[in-house]
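Structure first, commentary second.
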Amino acid sequence: MTTSAITAARRTGAVLFDSVTKSYGTVRAVDGLTFALHPGETVALLGPNGAGKSTTLDLLLGLRPADSGTVEVFGTTPREAVVAGRIGAMLQSGGLMEDVTVRELVELACALHPRPYPVDQVLTRAGLAQIAGRKVNKLSGGQEQRVRFALATAGDSDLIVLDEPTTGMDVTSRQDFWATMREQAAAGRTVLFATHYLEEADAIADRVLVLHRGRLLADGTAAEIKAKAGARKVSFDLDTAVDEAALRALPAVGSLEISGRTVRLRSHDADATVHALYATGLYPHNLEVAGLGLEQAFVALTQAEEARTA
Ligand SMILES: Nc1ncnc2c1ncn2[C@@H]1O[C@H](COP(=O)(O)OP(=O)(O)OP(=O)(O)O)[C@@H](O)[C@H]1O
């Protein structure tokens with residue numbers, strides 16, 4: 001980010017990370033991270049295991065101090081933003097209070113929020129109305145996630161932070177969950193979620209941040225991230241026996257998979273690959289050239305970075 005973008009984000013942004021670093025002993029979990037989130041955005045935070053996603057969220061929520069750099073939330077410190085009720089959070093870790101009912105726990109969360117919603121509304125929105133009387137320690141994993149979701153939306157917060165929110169939820173719960181999050185975003189709230197479900201990031205996020213070893217590897221729309229990965233999938237059938245060596249010698253070819261007379265390959269310059277394919281005298285049928293999905297783009301980007309820094 002440029003200095004003027006940082007100044008603008010400081011004035012009008014929802015979140016600003018400016019050169020933030022955090023280490024645990026010798027492990028640098030977050031390494032000079034700079035980004036801003038704008039009000040009303042829904043942003044996915046992606047990264048392989050250990051990339052620093054949870055640490056980033058902890059810093060954003062004021063649960064850990066940064067070693068250097070600054071974290072601002074609506075122009076204040078994370079802690080001030082939390083106390084003012086401006087952030088609702090749903091974290092992976094942290095047990096729920098056990099010996100209380102779902103309703104009692106949600107009542108407590110509402111009582112603690114400066115701008116609470118009615119308890120019944122929170123329970124219904126999280127799909128908990130039917131099990132409000134049940135003890136929290138008797139819930140399934142997916143039901144516990146719904147309780148965490150209820151706690152994150154107990155009041156009118158401006159920023160909702162979710163760490164792998166749908167892990168353990170069944171398909172219907174997931175759909176309900178994201179429908180609610182869309183409503184929250186449509187009402188102008190900023191939503192930041194860390195996830196390993198790339199199809200969710202693709203479908204839901206306006207913007208995707210890819211972390212790798214505590215650094216920002218990519219920042220853009222899902223379409224931009226796919227384009228950045230650069231590779232295309234090329235597939236075709238041949239009506240003669242497949243000459244693997246000739247295919248491997250085509251320009252820009254990455255991986256190559258042959259199944260009978262069907263060929264599937266990755267190319268970082270599909271035009272060059274296909275032109276050269278025709279030039280060899282082969283005649284491909286059913287030729288298809290397609291972009292990568294977000295998941296494939298993510299793997300391509302992170303693997304390229306691993307190779308670059310190895
Ligand atoms: N409390 C801690 N003490 C020591 N090291 C830690 C601690 N928490 C995280 N780390 C290390 O910091 C790095 C970043 O971890 P973090 O949990 O932020 O990553 P993540 O992207 O959330 O990973 P995952 O996808 O596996 O949840 C990892 O190398 C991890 O081992």
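Simple scheme: letters A, B, ... for chains in structure tokens order, numbers from 1 for residues in each chain, numbers from 1 for ligands in the order shown.
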Self-check item: For Val208 (chain A): contacts at 6 Å, only C-alpha atoms, fewer than 2 positions along chain excluded, given as number ranges by chain
Solution: A: 43-44, 219-221
Just to be explicit: take each residue in the selection above, keep C-alpha atoms, and write the result as a JSON list (two decimals), in the first residue's frame.
[["chain", "number", "residue", "atom", "x", "y", "z"],
["A", 43, "VAL", "CA", -13.07, -10.31, 2.83],
["A", 44, "ALA", "CA", -11.72, -13.87, 2.93],
["A", 219, "ASP", "CA", -4.83, -9.29, -2.50],
["A", 220, "GLY", "CA", -7.69, -8.93, -4.97],
["A", 221, "THR", "CA", -11.04, -10.25, -6.12]]
Practice problem: Enumerate as a list of chain:residue names the residues within 8 Å of ligand 1, counting only C-alpha atoms and all ligand atoms. | Solution: A:Ser23, A:Tyr24, A:Gly25, A:Val27, A:Arg28, A:Ala29, A:Val30, A:Leu46, A:Gly47, A:Pro48, A:Asn49, A:Gly50, A:Ala51, A:Gly52, A:Lys53, A:Ser54, A:Thr55, A:Thr56, A:Ala194, A:Thr195, A:His196, A:Leu211, A:Arg213, A:Gly214
Practice problem: List every residue of region 38-230 of chain A that DSSP, applied to the backbone of this structure, places in strand (DSSP E or B), and write the result as a PyMOL selection string. | Solution: chain A and resi 42-46+68-73+76+87-90+101+116+135+155+159-163+190-194+207-212+215-220
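Picture a line from CA of Arg308 (chain A) to CA of Leu60 (chain A); it runs 29.2 Å.
With only C-alpha atoms as the basis for measurement, A:Val20 is the residue among A:Ala152, A:Leu238, A:Ala218, A:Val20 that approaches Asp67 (chain A) most closely.
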Quiz item: Skipping near chain neighbours, those fewer than 6 positions away, what residues fall within 10 Å of Gln175 (chain A) using only C-alpha atoms, listed as a PyMOL selection string?
Solution: chain A and resi 166+169+181
